[in-house]
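Accompanying notes for the structure given below.
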Amino acid sequence: MAFKPLHDRVLVRRVESDEKTKGGLIIPESAKEKPAEGEIIAIGAGARDEAGARIALDVAAGDRVLFGKWSGTEVTVDGEELLIMKESDILGVIS
Amino acid sequence: MAFKPLHDRVLVRRVESDEKTKGGLIIPESAKEKPAEGEIIAIGAGARDEAGARIALDVAAGDRVLFGKWSGTEVTVDGEELLIMKESDILGVIS
Amino acid sequence: MAFKPLHDRVLVRRVESDEKTKGGLIIPESAKEKPAEGEIIAIGAGARDEAGARIALDVAAGDRVLFGKWSGTEVTVDGEELLIMKESDILGVIS
Amino acid sequence: MAFKPLHDRVLVRRVESDEKTKGGLIIPESAKEKPAEGEIIAIGAGARDEAGARIALDVAAGDRVLFGKWSGTEVTVDGEELLIMKESDILGVIS
Amino acid sequence: MAFKPLHDRVLVRRVESDEKTKGGLIIPESAKEKPAEGEIIAIGAGARDEAGARIALDVAAGDRVLFGKWSGTEVTVDGEELLIMKESDILGVIS
Amino acid sequence: MAFKPLHDRVLVRRVESDEKTKGGLIIPESAKEKPAEGEIIAIGAGARDEAGARIALDVAAGDRVLFGKWSGTEVTVDGEELLIMKESDILGVIS
Amino acid sequence: MAFKPLHDRVLVRRVESDEKTKGGLIIPESAKEKPAEGEIIAIGAGARDEAGARIALDVAAGDRVLFGKWSGTEVTVDGEELLIMKESDILGVIS
């Protein structure tokens, strides 16, 4: 099954904050205001600029990203809890 | 009878959330904040960009989509309960 | 007498909701949140895009339309109660 | 004496609502929410679009118009009570 | 001394409302909601449109204007009480 | 040391209101709503228009300006209290 | 490990306010409303203008900057407390 987010939306799998990332970024459970970490599963085709042309997204499937803790809408795809959010909710990419 | 949504609106038939989709997406009845699932029945010709040109919609009649649970306006067409909503209320397409 | 709506406004004659339309669309009296049905009597010349050019309306005089129940401003023309509203208040066209 | 409204403003003489217009439009005194009727006395040169060019007004001096009952600012010119309002406050032209 | 208003601002000398203008416009002291009358002393070079080009003002030094009673910021220049306001606060020009 | 304001910001040294300017502009201590006077110390490179091009500022270092009494953010540079504000907070230039 | 901020965001290391900078800028601990000082660690590729083109940032990694005391979102990278904020939250560059 595939889920294709519309426009500038992305589908994200949340990464548990007690999981230490390869890069060493740690977000302690107690830090309530800190952003959450996740992995991009699928991206939209992009919103359109004023002339109607597509603006490609800056993130790609597979990217590890940080996003605001309360960003996105929860959805269950193939029994897995995922998040649909706008690209603008993503703070940056961990590489 | 035909109903043609105006501009960037779409006409959607809601799919009951206890109906398991082909792709395996399940939205449990109890999940109140989860998006709803539906099928696109008809689409508008598109809104216009700043230069007055049409922006074609990214969804088509027949698409299975997710949308915010409280999106759209209810309307009865040929005795059937349908929803009119803006394309921007649609989160993504299930394929 | 003629009344010419300005810019992107339209003049609409409300159709009573107990009147069954040719297409079979029924809006029961009890459905308070449902959109209302009407007929376009006259349309404006269109708003202007950013470059000052006219954007022609997507509806025409004679169209049967659905619009938000509380849309528009009431006006009496030749003793008849009509509504002036913006084209954006119209949800779609019944054909 | 002349008063020249600025930009997209117009100068309007209110027509008493008990005055029956040539076209037969009647607005009863009791209808508090109904729009008011008036005659355009003078118009501005037009606002400017994003490129700085003028957008000519769609109404002209002499036009009979409907406008929101509470639109405009009252001003006394040569002892007569008139209204200065934006063209966008005008709902349409009676002809 | 000279004071040069910035962008689309103008410097205005308020004209007492009991002063009858040449054109015969009278604004009685008791009319609290009526606009005030003044004379343009100095004007800015104009705001910029989206492409960064200047939009020249529609008023010039010496113009007699009407403006909203509460518009502008008071300033004392050479011992005289003046007002700095945006051109958009000016309703029209008396000529 | 140098402080370079970003975009359309300027660095301003407040001039005490009991200091009579060369031009004779006086702002009495008691006038609470009156604008404040200052001198531009440094300016930003300018904001960008919609096409991404710089819009140069209309003020320059050394200009005597009036600005809203509560405009800007206080900062201490080399032991001196200065203000960082947007160019749009400046009402005009005294010359 | 690298963290790449998205669009017009920057990654900033906060500089303690009791640390006197080379340039002599001092922000006393007691000054609650004063801006904070920091060093840019990483910058985004820039937001896009209306035509979809990138707008390069005006700050670069290594820049000493002032920003609003409450700007940005805290994040822990490699055990260090950093801030992700928008370039527009930065008041200016100390050089």
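By convention here, the chains of the structure tokens are called A, B, ... in the order presented, each chain's residues are numbered starting at 1, and ligands are numbered starting at 1 in the order presented.
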
Mobile chain A fitted to chain G over all in-order Cα pairs, reported as a compact mmCIF listing (two decimals) with N, CA, C and O atoms, in the first residue's frame:
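Output file part_38.txt follows:
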```
# COMPACT_ATOMS: atom_id res chain seq x y z
N MET A 1 28.63 14.60 13.51
CA MET A 1 27.20 14.76 13.19
C MET A 1 26.91 16.17 12.66
O MET A 1 27.53 17.13 13.08
N ALA A 2 25.99 16.27 11.73
CA ALA A 2 25.62 17.59 11.22
C ALA A 2 24.11 17.77 11.32
O ALA A 2 23.35 16.83 11.12
N PHE A 3 23.69 18.99 11.65
CA PHE A 3 22.27 19.33 11.64
C PHE A 3 22.08 20.47 10.66
O PHE A 3 22.71 21.52 10.79
N LYS A 4 21.24 20.24 9.65
CA LYS A 4 21.04 21.24 8.60
C LYS A 4 19.66 21.88 8.79
O LYS A 4 18.63 21.23 8.54
N PRO A 5 19.62 23.15 9.24
CA PRO A 5 18.31 23.80 9.40
C PRO A 5 17.61 23.93 8.05
O PRO A 5 18.26 24.08 7.01
N LEU A 6 16.29 23.86 8.06
CA LEU A 6 15.51 23.92 6.82
C LEU A 6 15.17 25.38 6.47
O LEU A 6 14.92 26.19 7.35
N HIS A 7 15.16 25.68 5.17
CA HIS A 7 14.69 26.95 4.62
C HIS A 7 15.45 28.14 5.21
O HIS A 7 16.66 28.26 5.01
N ASP A 8 14.73 29.05 5.91
CA ASP A 8 15.36 30.27 6.41
C ASP A 8 15.67 30.16 7.91
O ASP A 8 15.73 31.16 8.60
N ARG A 9 15.90 28.92 8.36
CA ARG A 9 16.22 28.75 9.78
C ARG A 9 17.73 28.70 9.99
O ARG A 9 18.49 28.37 9.09
N VAL A 10 18.18 29.03 11.21
CA VAL A 10 19.59 28.96 11.57
C VAL A 10 19.72 28.23 12.90
O VAL A 10 18.79 28.22 13.71
N LEU A 11 20.88 27.61 13.09
CA LEU A 11 21.18 26.93 14.35
C LEU A 11 22.15 27.84 15.11
O LEU A 11 23.18 28.25 14.56
N VAL A 12 21.82 28.18 16.36
CA VAL A 12 22.58 29.18 17.10
C VAL A 12 23.04 28.62 18.45
O VAL A 12 22.28 27.93 19.14
N ARG A 13 24.32 28.91 18.81
CA ARG A 13 24.82 28.59 20.15
C ARG A 13 24.74 29.87 20.98
O ARG A 13 25.33 30.89 20.62
N ARG A 14 23.98 29.80 22.06
CA ARG A 14 23.80 30.96 22.91
C ARG A 14 25.11 31.29 23.63
O ARG A 14 25.81 30.40 24.11
N VAL A 15 25.46 32.58 23.67
CA VAL A 15 26.64 33.03 24.40
C VAL A 15 26.18 33.62 25.72
O VAL A 15 25.29 34.48 25.73
N GLU A 16 26.75 33.15 26.84
CA GLU A 16 26.32 33.64 28.15
C GLU A 16 26.48 35.16 28.23
O GLU A 16 27.48 35.71 27.78
N SER A 17 25.50 35.81 28.79
CA SER A 17 25.48 37.28 28.77
C SER A 17 26.54 37.89 29.68
O SER A 17 26.84 39.06 29.59
N ASP A 18 27.18 37.08 30.60
CA ASP A 18 28.24 37.66 31.44
C ASP A 18 29.60 37.58 30.74
O ASP A 18 30.60 38.03 31.26
N GLU A 19 29.57 36.97 29.53
CA GLU A 19 30.80 36.89 28.75
C GLU A 19 30.97 38.17 27.95
O GLU A 19 30.15 38.51 27.11
N LYS A 20 32.02 38.90 28.23
CA LYS A 20 32.26 40.14 27.51
C LYS A 20 32.76 39.81 26.10
O LYS A 20 33.72 39.08 25.93
N THR A 21 32.11 40.36 25.05
CA THR A 21 32.52 40.05 23.69
C THR A 21 33.74 40.87 23.31
O THR A 21 34.04 41.91 23.92
N LYS A 22 34.44 40.42 22.26
CA LYS A 22 35.62 41.12 21.77
C LYS A 22 35.30 42.58 21.49
O LYS A 22 36.07 43.48 21.77
N GLY A 23 34.14 42.82 20.94
CA GLY A 23 33.76 44.17 20.55
C GLY A 23 33.35 45.05 21.71
O GLY A 23 33.16 46.25 21.55
N GLY A 24 33.19 44.46 22.89
CA GLY A 24 32.85 45.27 24.05
C GLY A 24 31.36 45.36 24.31
O GLY A 24 30.92 46.14 25.15
N LEU A 25 30.57 44.58 23.60
CA LEU A 25 29.13 44.60 23.83
C LEU A 25 28.81 43.84 25.11
O LEU A 25 29.16 42.68 25.24
N ILE A 26 28.17 44.49 26.06
CA ILE A 26 27.83 43.85 27.34
C ILE A 26 26.31 43.82 27.51
O ILE A 26 25.64 44.84 27.33
N ILE A 27 25.77 42.66 27.83
CA ILE A 27 24.33 42.59 28.14
C ILE A 27 24.19 42.12 29.58
O ILE A 27 24.31 40.93 29.86
N PRO A 28 23.96 43.05 30.56
CA PRO A 28 23.90 42.69 31.97
C PRO A 28 22.79 41.67 32.26
O PRO A 28 21.72 41.71 31.64
N GLU A 29 23.06 40.75 33.21
CA GLU A 29 22.14 39.68 33.59
C GLU A 29 20.78 40.24 33.98
O GLU A 29 19.73 39.63 33.72
N SER A 30 20.78 41.44 34.57
CA SER A 30 19.54 42.01 35.10
C SER A 30 18.62 42.57 34.02
O SER A 30 17.44 42.79 34.25
N ALA A 31 19.18 42.77 32.82
CA ALA A 31 18.39 43.41 31.76
C ALA A 31 17.48 42.38 31.11
O ALA A 31 17.84 41.72 30.15
N LYS A 32 16.31 42.26 31.60
CA LYS A 32 15.43 41.17 31.18
C LYS A 32 14.90 41.35 29.76
O LYS A 32 14.64 40.39 29.06
N GLU A 33 14.70 42.58 29.34
CA GLU A 33 14.10 42.81 28.02
C GLU A 33 15.13 42.90 26.91
O GLU A 33 14.79 43.00 25.75
N LYS A 34 16.41 42.89 27.28
CA LYS A 34 17.47 43.03 26.28
C LYS A 34 17.58 41.79 25.40
O LYS A 34 17.31 40.68 25.86
N PRO A 35 18.07 41.95 24.14
CA PRO A 35 18.26 40.78 23.29
C PRO A 35 19.42 39.91 23.80
O PRO A 35 20.26 40.37 24.56
N ALA A 36 19.46 38.64 23.39
CA ALA A 36 20.51 37.71 23.76
C ALA A 36 21.56 37.68 22.66
O ALA A 36 21.32 38.09 21.54
N GLU A 37 22.73 37.17 23.02
CA GLU A 37 23.83 37.10 22.06
C GLU A 37 24.13 35.63 21.74
O GLU A 37 23.99 34.76 22.60
N GLY A 38 24.54 35.36 20.49
CA GLY A 38 24.84 33.99 20.14
C GLY A 38 25.75 33.90 18.93
O GLY A 38 26.13 34.92 18.34
N GLU A 39 26.11 32.64 18.59
CA GLU A 39 26.98 32.40 17.43
C GLU A 39 26.25 31.45 16.48
O GLU A 39 25.71 30.43 16.91
N ILE A 40 26.25 31.80 15.20
CA ILE A 40 25.61 30.95 14.20
C ILE A 40 26.44 29.69 13.99
O ILE A 40 27.65 29.77 13.72
N ILE A 41 25.82 28.52 14.12
CA ILE A 41 26.51 27.23 13.93
C ILE A 41 26.24 26.68 12.54
O ILE A 41 27.13 26.13 11.89
N ALA A 42 25.00 26.82 12.06
CA ALA A 42 24.65 26.29 10.74
C ALA A 42 23.45 27.08 10.22
O ALA A 42 22.64 27.59 10.99
N ILE A 43 23.35 27.20 8.89
CA ILE A 43 22.24 27.95 8.29
C ILE A 43 21.53 27.10 7.26
O ILE A 43 22.10 26.17 6.69
N GLY A 44 20.25 27.43 7.02
CA GLY A 44 19.46 26.75 6.00
C GLY A 44 19.82 27.24 4.62
O GLY A 44 20.59 28.21 4.46
N ALA A 45 19.22 26.61 3.61
CA ALA A 45 19.52 26.98 2.22
C ALA A 45 18.76 28.23 1.79
O ALA A 45 18.99 28.76 0.71
N GLY A 46 17.84 28.69 2.67
CA GLY A 46 17.09 29.89 2.35
C GLY A 46 15.66 29.58 1.98
O GLY A 46 15.37 28.52 1.40
N ALA A 47 14.75 30.50 2.30
CA ALA A 47 13.36 30.37 1.88
C ALA A 47 13.30 30.65 0.38
O ALA A 47 14.31 30.94 -0.26
N ARG A 48 12.10 30.55 -0.18
CA ARG A 48 11.96 30.80 -1.61
C ARG A 48 11.12 32.06 -1.83
O ARG A 48 10.18 32.32 -1.10
N ASP A 49 11.47 32.86 -2.86
CA ASP A 49 10.65 34.02 -3.18
C ASP A 49 9.42 33.55 -3.94
O ASP A 49 9.21 32.36 -4.15
N GLU A 50 8.58 34.49 -4.37
CA GLU A 50 7.30 34.15 -5.00
C GLU A 50 7.46 33.35 -6.28
O GLU A 50 6.55 32.64 -6.68
N ALA A 51 8.60 33.48 -6.93
CA ALA A 51 8.84 32.74 -8.17
C ALA A 51 9.49 31.39 -7.90
O ALA A 51 9.83 30.67 -8.82
N GLY A 52 9.68 31.06 -6.60
CA GLY A 52 10.20 29.75 -6.24
C GLY A 52 11.71 29.73 -6.13
O GLY A 52 12.29 28.69 -5.82
N ALA A 53 12.39 30.87 -6.36
CA ALA A 53 13.85 30.92 -6.28
C ALA A 53 14.29 31.10 -4.83
O ALA A 53 13.58 31.69 -4.02
N ARG A 54 15.48 30.60 -4.50
CA ARG A 54 16.02 30.71 -3.15
C ARG A 54 16.40 32.15 -2.83
O ARG A 54 16.94 32.86 -3.68
N ILE A 55 16.17 32.55 -1.58
CA ILE A 55 16.71 33.81 -1.08
C ILE A 55 17.80 33.44 -0.08
O ILE A 55 17.51 32.94 1.00
N ALA A 56 19.05 33.66 -0.46
CA ALA A 56 20.16 33.30 0.41
C ALA A 56 20.09 34.07 1.72
O ALA A 56 19.63 35.21 1.76
N LEU A 57 20.56 33.46 2.80
CA LEU A 57 20.54 34.13 4.10
C LEU A 57 21.62 35.21 4.18
O LEU A 57 22.61 35.16 3.45
N ASP A 58 21.36 36.19 5.05
CA ASP A 58 22.32 37.28 5.23
C ASP A 58 23.34 36.97 6.32
O ASP A 58 24.27 37.74 6.53
N VAL A 59 23.13 35.88 7.02
CA VAL A 59 24.09 35.51 8.07
C VAL A 59 24.81 34.23 7.64
O VAL A 59 24.32 33.48 6.79
N ALA A 60 25.98 33.99 8.22
CA ALA A 60 26.76 32.80 7.88
C ALA A 60 27.22 32.13 9.16
O ALA A 60 27.23 32.75 10.24
N ALA A 61 27.60 30.86 9.06
CA ALA A 61 28.14 30.15 10.22
C ALA A 61 29.35 30.92 10.74
O ALA A 61 30.19 31.39 9.96
N GLY A 62 29.41 31.10 12.07
CA GLY A 62 30.52 31.84 12.67
C GLY A 62 30.13 33.25 13.07
O GLY A 62 30.77 33.87 13.92
N ASP A 63 29.06 33.81 12.48
CA ASP A 63 28.63 35.17 12.81
C ASP A 63 28.20 35.27 14.28
O ASP A 63 27.54 34.37 14.80
N ARG A 64 28.58 36.39 14.93
CA ARG A 64 28.08 36.72 16.27
C ARG A 64 26.83 37.57 16.08
O ARG A 64 26.89 38.60 15.42
N VAL A 65 25.75 37.15 16.67
CA VAL A 65 24.48 37.85 16.41
C VAL A 65 23.74 38.17 17.71
O VAL A 65 23.99 37.58 18.75
N LEU A 66 22.84 39.14 17.59
CA LEU A 66 21.87 39.43 18.65
C LEU A 66 20.51 38.92 18.19
O LEU A 66 20.17 39.02 17.02
N PHE A 67 19.74 38.38 19.14
CA PHE A 67 18.39 37.92 18.79
C PHE A 67 17.47 38.10 19.99
O PHE A 67 17.94 38.25 21.13
N GLY A 68 16.20 38.15 19.73
CA GLY A 68 15.22 38.34 20.81
C GLY A 68 15.37 37.26 21.87
O GLY A 68 15.55 36.08 21.55
N LYS A 69 15.30 37.66 23.14
CA LYS A 69 15.62 36.78 24.26
C LYS A 69 14.81 35.50 24.22
O LYS A 69 15.26 34.45 24.66
N TRP A 70 13.57 35.55 23.70
CA TRP A 70 12.70 34.38 23.73
C TRP A 70 12.57 33.73 22.37
O TRP A 70 11.69 32.89 22.16
N SER A 71 13.47 34.08 21.43
CA SER A 71 13.39 33.52 20.08
C SER A 71 13.88 32.08 20.05
O SER A 71 14.72 31.67 20.85
N GLY A 72 13.38 31.31 19.08
CA GLY A 72 13.93 30.00 18.78
C GLY A 72 13.39 28.86 19.62
O GLY A 72 12.69 29.06 20.61
N THR A 73 13.74 27.63 19.15
CA THR A 73 13.35 26.39 19.81
C THR A 73 14.61 25.69 20.29
O THR A 73 15.55 25.53 19.53
N GLU A 74 14.63 25.27 21.55
CA GLU A 74 15.82 24.61 22.09
C GLU A 74 15.93 23.20 21.56
O GLU A 74 14.95 22.47 21.45
N VAL A 75 17.16 22.78 21.26
CA VAL A 75 17.41 21.40 20.83
C VAL A 75 18.79 20.99 21.34
O VAL A 75 19.69 21.82 21.47
N THR A 76 18.94 19.70 21.67
CA THR A 76 20.22 19.20 22.17
C THR A 76 20.92 18.44 21.05
O THR A 76 20.41 17.43 20.57
N VAL A 77 22.06 18.95 20.57
CA VAL A 77 22.83 18.29 19.52
C VAL A 77 24.19 17.89 20.09
O VAL A 77 24.92 18.75 20.59
N ASP A 78 24.53 16.58 20.07
CA ASP A 78 25.79 16.09 20.64
C ASP A 78 25.97 16.54 22.08
O ASP A 78 27.08 16.92 22.50
N GLY A 79 24.87 16.56 22.83
CA GLY A 79 24.94 16.90 24.24
C GLY A 79 24.98 18.39 24.53
O GLY A 79 25.01 18.82 25.69
N GLU A 80 24.98 19.21 23.48
CA GLU A 80 25.05 20.65 23.67
C GLU A 80 23.69 21.30 23.40
O GLU A 80 23.00 20.94 22.45
N GLU A 81 23.31 22.24 24.26
CA GLU A 81 22.05 22.96 24.11
C GLU A 81 22.17 24.02 23.03
O GLU A 81 22.96 24.97 23.18
N LEU A 82 21.41 23.91 21.95
CA LEU A 82 21.45 24.91 20.89
C LEU A 82 20.04 25.44 20.63
O LEU A 82 19.07 24.96 21.22
N LEU A 83 19.95 26.43 19.74
CA LEU A 83 18.66 27.03 19.40
C LEU A 83 18.46 26.97 17.88
O LEU A 83 19.39 27.27 17.12
N ILE A 84 17.25 26.57 17.44
CA ILE A 84 16.88 26.71 16.04
C ILE A 84 15.93 27.89 15.95
O ILE A 84 14.93 27.94 16.65
N MET A 85 16.26 28.87 15.09
CA MET A 85 15.35 30.02 14.95
C MET A 85 15.31 30.46 13.49
O MET A 85 16.11 30.02 12.66
N LYS A 86 14.38 31.33 13.17
CA LYS A 86 14.31 31.90 11.83
C LYS A 86 15.29 33.07 11.73
O LYS A 86 15.54 33.76 12.72
N GLU A 87 15.80 33.30 10.51
CA GLU A 87 16.73 34.42 10.33
C GLU A 87 16.07 35.74 10.74
O GLU A 87 16.73 36.65 11.23
N SER A 88 14.76 35.83 10.55
CA SER A 88 14.07 37.08 10.88
C SER A 88 14.05 37.36 12.38
O SER A 88 13.74 38.47 12.80
N ASP A 89 14.40 36.36 13.19
CA ASP A 89 14.50 36.60 14.64
C ASP A 89 15.81 37.26 15.02
O ASP A 89 15.99 37.67 16.17
N ILE A 90 16.75 37.34 14.06
CA ILE A 90 18.07 37.92 14.34
C ILE A 90 18.03 39.42 14.08
O ILE A 90 17.59 39.86 13.03
N LEU A 91 18.49 40.19 15.08
CA LEU A 91 18.41 41.65 15.00
C LEU A 91 19.58 42.24 14.22
O LEU A 91 19.43 43.25 13.54
N GLY A 92 20.76 41.63 14.34
CA GLY A 92 21.91 42.17 13.66
C GLY A 92 23.16 41.38 13.99
O GLY A 92 23.15 40.47 14.81
N VAL A 93 24.26 41.75 13.30
CA VAL A 93 25.52 41.02 13.41
C VAL A 93 26.56 41.92 14.07
O VAL A 93 26.71 43.08 13.69
N ILE A 94 27.30 41.35 15.05
CA ILE A 94 28.37 42.08 15.73
C ILE A 94 29.68 41.76 15.03
O ILE A 94 30.01 40.59 14.83
N SER A 95 30.42 42.79 14.63
CA SER A 95 31.68 42.53 13.92
C SER A 95 32.81 43.39 14.45
O SER A 95 32.58 44.30 15.23
```

Just list as an MDAnalysis selection string whatever in chain A DSSP marks as strand (DSSP E or B). chainID A and resid 3:5 9:15 36:43 48 54 64:67 73:77 80:86 90:94
